[in-house]
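Q: Please read through the structure below; I'll follow up with questions.
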Amino acid sequence: MSNDELQFSSLYVMRFAGSFGFMSVLTLLPDFIEALGATGLTIGVFVTALELARTVGIVPIAWAGDRYSKKTVLLIGLALSVLAYLTFAVISSIEGFLGARFLQGLGMTGVGLLGLALIGDLAPADSRANYIGKYNAFRMAAGIVAPIGGGILYEVTGFDVLFLLVATLLAVAAVGIWRFVDADETTVEGFAFTDLAINRRILTMVTFRAQYAVAVTLVRKWVPIFVGLNAAQGGLAYGAGVTGVVVAAEKFTNMLSQPYTGRLSDRWGREPFIIAGGSAYGLFGIAFPFITGAEGLFRVSVPIAGTVTGAVLAAIVLNGLIGIADGFREPASMALFADEGKGEGIASSFGIRSLVWKPGSVLAPLVGGWLMGAAGIEWVFFLGGAAALSGVATFTSILASRHGREALRPA
């Protein structure tokens, strides 16, 4: 393999390992909720603890990556991630879970920002979205393996063995980054956030992402909760195995979509894919609670999973469509921020992208937890879908009035 191929491959393996850990916790969130006795607002805090840590870390981690060494900061993020998953293996209290989530969030910020920054630096300008799509496809592959394999492993062994495996995968990924990724030669003096924060094209994307964050946070985080939570709280009451299959459906379709839609975005521009993907995501999110209407279509007995109804098939299909919708949006969105940050502070550009996401991702789970108790779990999805459609409407209006049709095409 060439040096470039080794570098990309090491980053792809890291992306897989990081996503495997994240998706394992997300899939088992209903089990953590029941094992620790969490209810209502506390469920929202379980999600918010992760997002709060990710928010706190964005600016210093992105600045350090641009100013000093992206590779070094990335390795620190991987070390924090290993520590987080070792903690998940031994926790027995709500406080312990929140501490592990906070460590997980800090590690994910370092791995997420600096991994994307390195991919953006290494990828040729005329195929940047395609490389980002491939990079994200490894994240989605882990999103398939972790919910199914992790869910089954948990059923057999419990939390400890699963999260020891996750920590080992991340340690192996860290060795690959240390060994094969070249030392960073691009550094940016000063504080790159200042100039990029007033970049006209980035500001246009901000209007979309601030609202879209609410949509993805609520829909993506509440799909496994809806499938796995007991019927008394409005869920379908299926175990980790079925929940994992439903979650994996989104990752599978997203994995297949992103390299192809990224290549199309490099050719045809960013904005059509952001608009189309965001609109579809909102509509599918609003539709998700209605899968309960398919429950009576059939009823079969499945080993380990127990009785499975038509609602499960509907959940798999609809979550797969949600994955395709997000597969249209994500590589185009990421490539746009890489386009603007290349040479000017690419980690900071992705940092702005993440920072804008955080108010919605931190506050939306709290609102979602409150909505579950006050109005029913279906209203979490209605709010999420409406936020996506509102973000697309705002984004499209600004494009039409201020930028014109060609404004967000790559140079």
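As shown in the structure tokens, the chain order sets the letters A, B, ...; within each chain, residues go from 1, and ligands are also counted from 1 in the order they appear.
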Please report, as a CSV table (one decimal) with C-alpha atoms, in the first residue's frame, each residue of range 55-237 of chain A to which DSSP assigns alpha helix (DSSP H) when run on this structure's backbone.
A:
chain,number,residue,atom,x,y,z
A,55,THR,CA,-19.7,21.0,23.5
A,56,VAL,CA,-17.2,21.9,26.2
A,57,GLY,CA,-14.4,20.3,24.2
A,58,ILE,CA,-15.0,21.8,20.7
A,59,VAL,CA,-13.2,25.1,20.8
A,60,PRO,CA,-10.0,24.1,22.7
A,61,ILE,CA,-9.6,20.8,20.9
A,62,ALA,CA,-10.1,22.4,17.4
A,63,TRP,CA,-7.8,25.3,18.2
A,64,ALA,CA,-5.1,22.9,19.5
A,65,GLY,CA,-5.4,20.8,16.4
A,66,ASP,CA,-4.9,23.7,14.0
A,67,ARG,CA,-2.3,25.5,16.1
A,70,LYS,CA,-3.8,17.2,14.6
A,71,LYS,CA,-2.3,13.8,15.0
A,72,THR,CA,-1.3,14.3,18.7
A,73,VAL,CA,-4.7,15.8,19.7
A,74,LEU,CA,-6.4,12.9,17.9
A,75,LEU,CA,-4.3,10.3,19.9
A,76,ILE,CA,-5.3,12.1,23.2
A,77,GLY,CA,-9.0,11.8,22.1
A,78,LEU,CA,-8.5,8.1,21.5
A,79,ALA,CA,-6.9,7.6,25.0
A,80,LEU,CA,-9.9,9.4,26.6
A,81,SER,CA,-12.3,7.1,24.6
A,82,VAL,CA,-10.5,4.0,25.9
A,83,LEU,CA,-10.9,5.2,29.5
A,84,ALA,CA,-14.6,6.0,29.0
A,85,TYR,CA,-15.4,2.5,27.7
A,86,LEU,CA,-13.4,0.8,30.5
A,87,THR,CA,-15.6,2.9,32.9
A,88,PHE,CA,-18.8,1.7,31.2
A,94,ILE,CA,-26.5,6.8,37.6
A,95,GLU,CA,-23.6,9.0,38.7
A,96,GLY,CA,-21.1,6.5,37.3
A,97,PHE,CA,-23.0,6.4,34.0
A,98,LEU,CA,-23.0,10.2,33.7
A,99,GLY,CA,-19.2,10.3,34.4
A,100,ALA,CA,-18.6,7.7,31.7
A,101,ARG,CA,-20.8,9.6,29.3
A,102,PHE,CA,-18.8,12.8,29.9
A,103,LEU,CA,-15.5,11.1,29.2
A,104,GLN,CA,-17.0,9.5,26.2
A,105,GLY,CA,-18.1,12.9,24.9
A,106,LEU,CA,-14.7,14.5,25.3
A,107,GLY,CA,-13.0,11.6,23.5
A,108,MET,CA,-15.6,11.6,20.7
A,109,THR,CA,-15.0,15.4,20.2
A,110,GLY,CA,-11.2,14.8,19.8
A,111,VAL,CA,-11.6,11.8,17.5
A,112,GLY,CA,-14.5,13.3,15.5
A,113,LEU,CA,-13.0,16.8,14.8
A,114,LEU,CA,-9.4,15.8,14.2
A,115,GLY,CA,-10.3,12.7,12.2
A,116,LEU,CA,-12.4,14.8,9.8
A,117,ALA,CA,-9.8,17.5,9.7
A,118,LEU,CA,-7.1,15.0,8.6
A,119,ILE,CA,-9.4,13.5,6.0
A,120,GLY,CA,-10.2,17.0,4.7
A,121,ASP,CA,-6.5,17.8,4.5
A,122,LEU,CA,-5.5,14.6,2.8
A,128,ARG,CA,-13.4,15.7,-1.0
A,129,ALA,CA,-17.1,14.8,-0.4
A,130,ASN,CA,-16.4,11.3,-1.9
A,131,TYR,CA,-13.6,10.7,0.6
A,132,ILE,CA,-15.6,12.0,3.4
A,133,GLY,CA,-18.5,9.7,2.3
A,134,LYS,CA,-16.1,6.7,2.4
A,135,TYR,CA,-14.9,7.8,5.8
A,136,ASN,CA,-18.4,8.0,7.1
A,137,ALA,CA,-19.3,4.7,5.5
A,138,PHE,CA,-16.9,3.0,8.0
A,139,ARG,CA,-18.8,4.8,10.8
A,140,MET,CA,-22.0,3.4,9.4
A,141,ALA,CA,-20.5,-0.1,9.1
A,142,ALA,CA,-19.8,0.0,12.8
A,143,GLY,CA,-23.3,1.2,13.3
A,144,ILE,CA,-24.5,-2.1,11.8
A,145,VAL,CA,-22.1,-4.4,13.6
A,151,GLY,CA,-26.8,-6.4,21.5
A,152,ILE,CA,-26.3,-10.1,21.3
A,153,LEU,CA,-23.0,-10.0,23.2
A,154,TYR,CA,-24.7,-8.0,26.0
A,155,GLU,CA,-27.6,-10.6,26.2
A,156,VAL,CA,-25.0,-13.4,26.7
A,157,THR,CA,-22.3,-11.7,28.8
A,159,PHE,CA,-22.0,-4.9,29.9
A,160,ASP,CA,-18.4,-5.7,31.1
A,161,VAL,CA,-17.2,-8.0,28.3
A,162,LEU,CA,-18.8,-5.8,25.6
A,163,PHE,CA,-17.1,-2.6,26.7
A,164,LEU,CA,-13.8,-4.2,27.3
A,165,LEU,CA,-14.0,-5.3,23.6
A,166,VAL,CA,-14.8,-1.7,22.6
A,167,ALA,CA,-11.8,-0.3,24.6
A,168,THR,CA,-9.5,-2.9,22.9
A,169,LEU,CA,-10.7,-1.9,19.4
A,170,LEU,CA,-10.0,1.8,20.2
A,171,ALA,CA,-6.5,1.0,21.5
A,172,VAL,CA,-5.7,-0.9,18.3
A,173,ALA,CA,-7.0,2.1,16.2
A,174,ALA,CA,-4.7,4.4,18.2
A,175,VAL,CA,-1.7,2.3,17.4
A,176,GLY,CA,-2.6,2.5,13.7
A,177,ILE,CA,-2.8,6.3,13.8
A,178,TRP,CA,0.5,6.6,15.7
A,179,ARG,CA,2.3,4.2,13.3
A,180,PHE,CA,1.0,5.2,9.9
A,192,ALA,CA,-9.0,30.6,13.3
A,193,PHE,CA,-12.5,30.6,14.7
A,194,THR,CA,-12.6,34.4,14.4
A,195,ASP,CA,-12.3,34.6,10.6
A,196,LEU,CA,-14.3,31.5,9.8
A,200,ARG,CA,-20.6,34.0,4.4
A,201,ARG,CA,-21.0,30.4,3.2
A,202,ILE,CA,-20.5,29.0,6.6
A,203,LEU,CA,-23.1,31.4,8.1
A,204,THR,CA,-25.6,30.2,5.6
A,205,MET,CA,-25.1,26.6,6.7
A,206,VAL,CA,-25.4,27.7,10.3
A,207,THR,CA,-29.0,28.6,9.8
A,208,PHE,CA,-29.8,25.1,8.7
A,209,ARG,CA,-27.6,23.2,11.2
A,210,ALA,CA,-28.9,25.0,14.3
A,211,GLN,CA,-32.4,23.7,13.7
A,212,TYR,CA,-31.4,20.4,12.1
A,213,ALA,CA,-29.5,19.5,15.3
A,214,VAL,CA,-32.8,19.3,17.1
A,215,ALA,CA,-34.2,16.9,14.4
A,216,VAL,CA,-31.4,14.4,14.3
A,217,THR,CA,-30.9,14.4,18.1
A,218,LEU,CA,-34.5,13.6,18.8
A,219,VAL,CA,-35.2,11.2,16.0
A,220,ARG,CA,-31.9,9.3,16.1
A,221,LYS,CA,-31.7,9.1,19.8
A,222,TRP,CA,-35.3,8.2,20.4
A,223,VAL,CA,-35.6,5.5,17.7
A,224,PRO,CA,-33.9,2.8,20.0
A,225,ILE,CA,-35.7,4.2,23.0
A,226,PHE,CA,-39.1,3.9,21.2
A,227,VAL,CA,-38.4,0.3,20.1
A,228,GLY,CA,-36.8,-0.9,23.3
Q: Would you please extract all strand (DSSP E) residues from range 227-304 of chain A, as assigned by DSSP on the backbone, and give them as an MDAnalysis selection string?
A: chainID A and resid 299:302
Q: Taking 2 positions as the minimum chain separation for residues in the same chain, which residues sit within 8 Å of Leu36 in chain A when counting only C-alpha atoms? Answer as a PyMOL selection string.
A: chain A and resi 32-34+38+92-94
Q: Would you export the selected residues with N, CA and C atoms as a compact mmCIF listing (two decimals), in the first residue's frame, please?
A:
# COMPACT_ATOMS: atom_id res chain seq x y z
N PHE A 32 -29.55 0.34 30.04
CA PHE A 32 -28.98 1.16 31.10
C PHE A 32 -30.09 1.88 31.87
N ILE A 33 -31.09 2.39 31.14
CA ILE A 33 -32.21 3.09 31.78
C ILE A 33 -32.91 2.18 32.79
N GLU A 34 -33.21 0.97 32.37
CA GLU A 34 -33.93 0.05 33.25
C GLU A 34 -33.02 -0.48 34.37
N ALA A 38 -33.61 4.77 35.79
CA ALA A 38 -33.82 6.15 35.33
C ALA A 38 -35.21 6.33 34.76
N SER A 92 -22.19 1.08 38.19
CA SER A 92 -23.35 0.50 38.85
C SER A 92 -24.30 1.57 39.38
N SER A 93 -24.12 2.82 38.98
CA SER A 93 -24.97 3.91 39.48
C SER A 93 -25.21 4.93 38.38
N ILE A 94 -26.24 5.76 38.58
CA ILE A 94 -26.53 6.84 37.63
C ILE A 94 -25.35 7.81 37.55
Q: Between CA of Val308 in chain A and CA of Val246 in chain A, measure the distance and give it in Å to one decimal.
A: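 So the answer is 12.4 Å.
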Q: Enumerate, in order of chain and increasing residue number, the residues of range 280-348 of chain A with an atom no farther than 12 Å from range 364-386 of chain A, each with its shortest atom pair and distance in Å to one decimal, counting only C-alpha atoms, as a Markdown table.
A:
| residue | atom | partner | partner_atom | distance |
| --- | --- | --- | --- | --- |
| A:Ala280 | CA | A:Gly385 | CA | 9.2 |
| A:Tyr281 | CA | A:Gly385 | CA | 7.0 |
| A:Gly282 | CA | A:Gly385 | CA | 3.8 |
| A:Leu283 | CA | A:Gly385 | CA | 6.0 |
| A:Phe284 | CA | A:Gly385 | CA | 7.3 |
| A:Gly285 | CA | A:Gly385 | CA | 4.8 |
| A:Ile286 | CA | A:Phe382 | CA | 4.8 |
| A:Ala287 | CA | A:Phe381 | CA | 8.0 |
| A:Phe288 | CA | A:Phe381 | CA | 7.0 |
| A:Pro289 | CA | A:Glu378 | CA | 5.3 |
| A:Phe290 | CA | A:Glu378 | CA | 8.3 |
| A:Ile291 | CA | A:Glu378 | CA | 10.6 |
| A:Thr292 | CA | A:Glu378 | CA | 10.5 |
| A:Ile322 | CA | A:Gly385 | CA | 11.0 |
Q: Return as a Markdown table the residues of range 199-292 of chain A lying at most 7 Å from range 17-29 of chain A, together with the closest atom-to-atom pair for each and the distance in Å to one decimal, counting only C-alpha atoms, with rows in chain order and ascending residue number.
A:
| residue | atom | partner | partner_atom | distance |
| --- | --- | --- | --- | --- |
| A:Pro224 | CA | A:Thr27 | CA | 6.3 |
| A:Ala240 | CA | A:Leu28 | CA | 6.5 |
| A:Thr243 | CA | A:Thr27 | CA | 6.8 |
| A:Gly244 | CA | A:Thr27 | CA | 6.0 |
Q: For the residues in that selection, give me N, CA and C atoms as a CSV table (one decimal), in the first residue's frame.
A:
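Okay, selection11.csv is ready:
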chain,number,residue,atom,x,y,z
A,224,PRO,N,-34.1,4.0,19.1
A,224,PRO,CA,-33.9,2.8,20.0
A,224,PRO,C,-34.7,2.9,21.3
A,240,ALA,N,-32.7,-5.9,23.3
A,240,ALA,CA,-31.6,-5.3,22.6
A,240,ALA,C,-31.4,-5.9,21.2
A,243,THR,N,-33.9,-4.2,18.9
A,243,THR,CA,-33.5,-2.7,18.8
A,243,THR,C,-32.3,-2.6,18.0
A,244,GLY,N,-31.3,-3.5,18.1
A,244,GLY,CA,-30.1,-3.4,17.3
A,244,GLY,C,-30.3,-3.5,15.8
Q: Contacts of Thr396 in chain A at 8 Å or less, counting only C-alpha atoms, minus same-chain residues fewer than 4 places along, as an MDAnalysis selection string?
A: chainID A and resid 275 392 400
Q: A:Leu399, A:Val356, A:Ala335, A:Ala387: which is nearest Ala125 in chain A, counting only C-alpha atoms?
A: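 So, comparing all the options, the nearest one is A:Ala335.
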Q: Near Gly327 in chain A, within 8 Å and counting only C-alpha atoms, which residues show up once chain neighbours fewer than 5 positions away are dropped, as a PDB file with N, CA and C atoms, in the first residue's frame?
A:
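Output contents, as saved in out36.pdb:
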ATOM      1  N   THR A 253     -28.189   1.578   5.241  1.00  0.00           N
ATOM      2  CA  THR A 253     -28.559   2.379   4.073  1.00  0.00           C
ATOM      3  C   THR A 253     -27.711   3.647   3.976  1.00  0.00           C
ATOM      4  N   ASN A 254     -27.356   4.215   5.129  1.00  0.00           N
ATOM      5  CA  ASN A 254     -26.496   5.398   5.139  1.00  0.00           C
ATOM      6  C   ASN A 254     -25.106   5.048   4.624  1.00  0.00           C
ATOM      7  N   MET A 255     -24.591   3.896   5.043  1.00  0.00           N
ATOM      8  CA  MET A 255     -23.274   3.431   4.601  1.00  0.00           C
ATOM      9  C   MET A 255     -23.226   3.265   3.083  1.00  0.00           C
ATOM     10  N   SER A 257     -25.153   4.724   0.899  1.00  0.00           N
ATOM     11  CA  SER A 257     -25.477   5.976   0.202  1.00  0.00           C
ATOM     12  C   SER A 257     -24.309   6.946   0.133  1.00  0.00           C
ATOM     13  N   GLN A 258     -23.565   7.106   1.243  1.00  0.00           N
ATOM     14  CA  GLN A 258     -22.671   8.257   1.364  1.00  0.00           C
ATOM     15  C   GLN A 258     -21.550   8.339   0.326  1.00  0.00           C
ATOM     16  N   THR A 261     -23.407   9.457  -2.967  1.00  0.00           N
ATOM     17  CA  THR A 261     -23.961  10.814  -2.925  1.00  0.00           C
ATOM     18  C   THR A 261     -22.856  11.849  -2.739  1.00  0.00           C
ATOM     19  N   GLY A 277     -32.012  15.861   1.363  1.00  0.00           N
ATOM     20  CA  GLY A 277     -31.836  14.975   2.508  1.00  0.00           C
ATOM     21  C   GLY A 277     -32.516  15.487   3.754  1.00  0.00           C
TER      22      GLY A 277
END
Q: Which value, in Å to one decimal, gives the distance between CA of Leu336 in chain A and CA of Arg267 in chain A?
A: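 Computing the Euclidean distance for CA of Leu336 in chain A and CA of Arg267 in chain A yields 13.0 Å.
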Q: Give me the residues within 10 Å of Ser9 in chain A as a compact mmCIF listing (two decimals) with all heavy atoms, in the first residue's frame, counting only C-alpha atoms and dropping any in the same chain fewer than 3 places off.
A:
# COMPACT_ATOMS: atom_id res chain seq x y z
N MET A 1 0.84 -1.20 0.00
CA MET A 1 0.00 0.00 0.00
C MET A 1 0.88 1.25 0.00
O MET A 1 1.93 1.29 0.63
CB MET A 1 -0.91 0.02 1.23
CG MET A 1 -1.93 -1.13 1.29
SD MET A 1 -2.91 -1.10 2.81
CE MET A 1 -3.91 0.35 2.51
N ASN A 3 1.76 5.31 0.87
CA ASN A 3 1.68 6.05 2.12
C ASN A 3 0.29 6.67 2.32
O ASN A 3 -0.28 6.62 3.42
CB ASN A 3 2.75 7.15 2.14
CG ASN A 3 2.77 7.90 3.46
OD1 ASN A 3 2.93 7.31 4.52
ND2 ASN A 3 2.59 9.21 3.40
N ASP A 4 -0.27 7.24 1.24
CA ASP A 4 -1.61 7.83 1.33
C ASP A 4 -2.66 6.77 1.67
O ASP A 4 -3.56 7.01 2.48
CB ASP A 4 -1.99 8.52 0.03
CG ASP A 4 -1.33 9.89 -0.12
OD1 ASP A 4 -0.74 10.37 0.88
OD2 ASP A 4 -1.39 10.46 -1.21
N GLU A 5 -2.54 5.61 1.06
CA GLU A 5 -3.50 4.54 1.33
C GLU A 5 -3.42 4.08 2.77
O GLU A 5 -4.44 3.81 3.42
CB GLU A 5 -3.26 3.37 0.38
CG GLU A 5 -3.67 3.65 -1.05
CD GLU A 5 -3.24 2.54 -2.01
OE1 GLU A 5 -2.24 1.85 -1.73
OE2 GLU A 5 -3.92 2.37 -3.04
N LEU A 6 -2.21 4.00 3.32
CA LEU A 6 -2.05 3.62 4.73
C LEU A 6 -2.66 4.66 5.66
O LEU A 6 -3.29 4.33 6.66
CB LEU A 6 -0.57 3.43 5.05
CG LEU A 6 0.09 2.15 4.54
CD1 LEU A 6 1.60 2.21 4.74
CD2 LEU A 6 -0.49 0.93 5.24
N TYR A 12 -9.81 5.25 8.53
CA TYR A 12 -11.06 4.50 8.36
C TYR A 12 -11.26 3.51 9.52
O TYR A 12 -12.36 3.37 10.05
CB TYR A 12 -11.04 3.73 7.04
CG TYR A 12 -11.06 4.58 5.79
CD1 TYR A 12 -10.61 4.08 4.58
CD2 TYR A 12 -11.53 5.90 5.81
CE1 TYR A 12 -10.62 4.84 3.41
CE2 TYR A 12 -11.55 6.67 4.65
CZ TYR A 12 -11.09 6.14 3.47
OH TYR A 12 -11.11 6.90 2.33
N VAL A 13 -10.17 2.82 9.92
CA VAL A 13 -10.26 1.88 11.04
C VAL A 13 -10.63 2.62 12.33
O VAL A 13 -11.46 2.16 13.12
CB VAL A 13 -8.93 1.13 11.22
CG1 VAL A 13 -8.91 0.33 12.53
CG2 VAL A 13 -8.68 0.20 10.04
N MET A 14 -10.03 3.78 12.53
CA MET A 14 -10.36 4.58 13.71
C MET A 14 -11.82 4.99 13.70
O MET A 14 -12.51 4.96 14.73
CB MET A 14 -9.48 5.82 13.75
CG MET A 14 -9.72 6.73 14.94
SD MET A 14 -9.21 8.42 14.62
CE MET A 14 -10.43 8.95 13.41
N ARG A 15 -12.32 5.38 12.53
CA ARG A 15 -13.73 5.78 12.42
C ARG A 15 -14.64 4.62 12.78
O ARG A 15 -15.66 4.81 13.46
CB ARG A 15 -14.01 6.25 10.99
CG ARG A 15 -15.37 6.88 10.77
CD ARG A 15 -15.53 8.14 11.57
NE ARG A 15 -16.53 9.03 10.96
CZ ARG A 15 -17.05 10.07 11.56
NH1 ARG A 15 -16.69 10.37 12.80
NH2 ARG A 15 -17.93 10.84 10.96
N TYR A 135 -15.23 7.70 4.40
CA TYR A 135 -14.88 7.77 5.83
C TYR A 135 -16.11 7.54 6.70
O TYR A 135 -16.09 6.75 7.65
CB TYR A 135 -14.26 9.15 6.09
CG TYR A 135 -13.83 9.43 7.50
CD1 TYR A 135 -12.74 8.76 8.07
CD2 TYR A 135 -14.46 10.42 8.25
CE1 TYR A 135 -12.31 9.07 9.36
CE2 TYR A 135 -14.04 10.72 9.53
CZ TYR A 135 -12.97 10.05 10.08
OH TYR A 135 -12.55 10.35 11.35
N GLY A 176 -2.60 2.23 15.15
CA GLY A 176 -2.56 2.45 13.71
C GLY A 176 -2.33 3.91 13.35
O GLY A 176 -1.54 4.24 12.45
N ILE A 177 -3.02 4.82 14.05
CA ILE A 177 -2.83 6.26 13.80
C ILE A 177 -1.39 6.67 14.13
O ILE A 177 -0.73 7.38 13.36
CB ILE A 177 -3.82 7.08 14.65
CG1 ILE A 177 -5.27 6.79 14.23
CG2 ILE A 177 -3.52 8.58 14.54
CD1 ILE A 177 -5.62 7.19 12.82
N PHE A 180 1.06 5.00 11.31
CA PHE A 180 0.97 5.21 9.86
C PHE A 180 0.62 6.64 9.43
O PHE A 180 0.92 7.01 8.29
CB PHE A 180 -0.04 4.24 9.25
CG PHE A 180 0.35 2.80 9.38
CD1 PHE A 180 -0.41 1.92 10.13
CD2 PHE A 180 1.49 2.32 8.76
CE1 PHE A 180 -0.05 0.59 10.26
CE2 PHE A 180 1.87 0.98 8.87
CZ PHE A 180 1.09 0.12 9.63
N VAL A 181 -0.04 7.42 10.26
CA VAL A 181 -0.43 8.77 9.85
C VAL A 181 0.74 9.72 10.04
O VAL A 181 1.35 9.76 11.12
CB VAL A 181 -1.67 9.25 10.64
CG1 VAL A 181 -1.99 10.72 10.30
CG2 VAL A 181 -2.86 8.36 10.33
Q: Rounded to one decimal in Å, what is the spacing between CA of Thr48 in chain A and CA of Gly320 in chain A?
A: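 So the answer is 25.4 Å.
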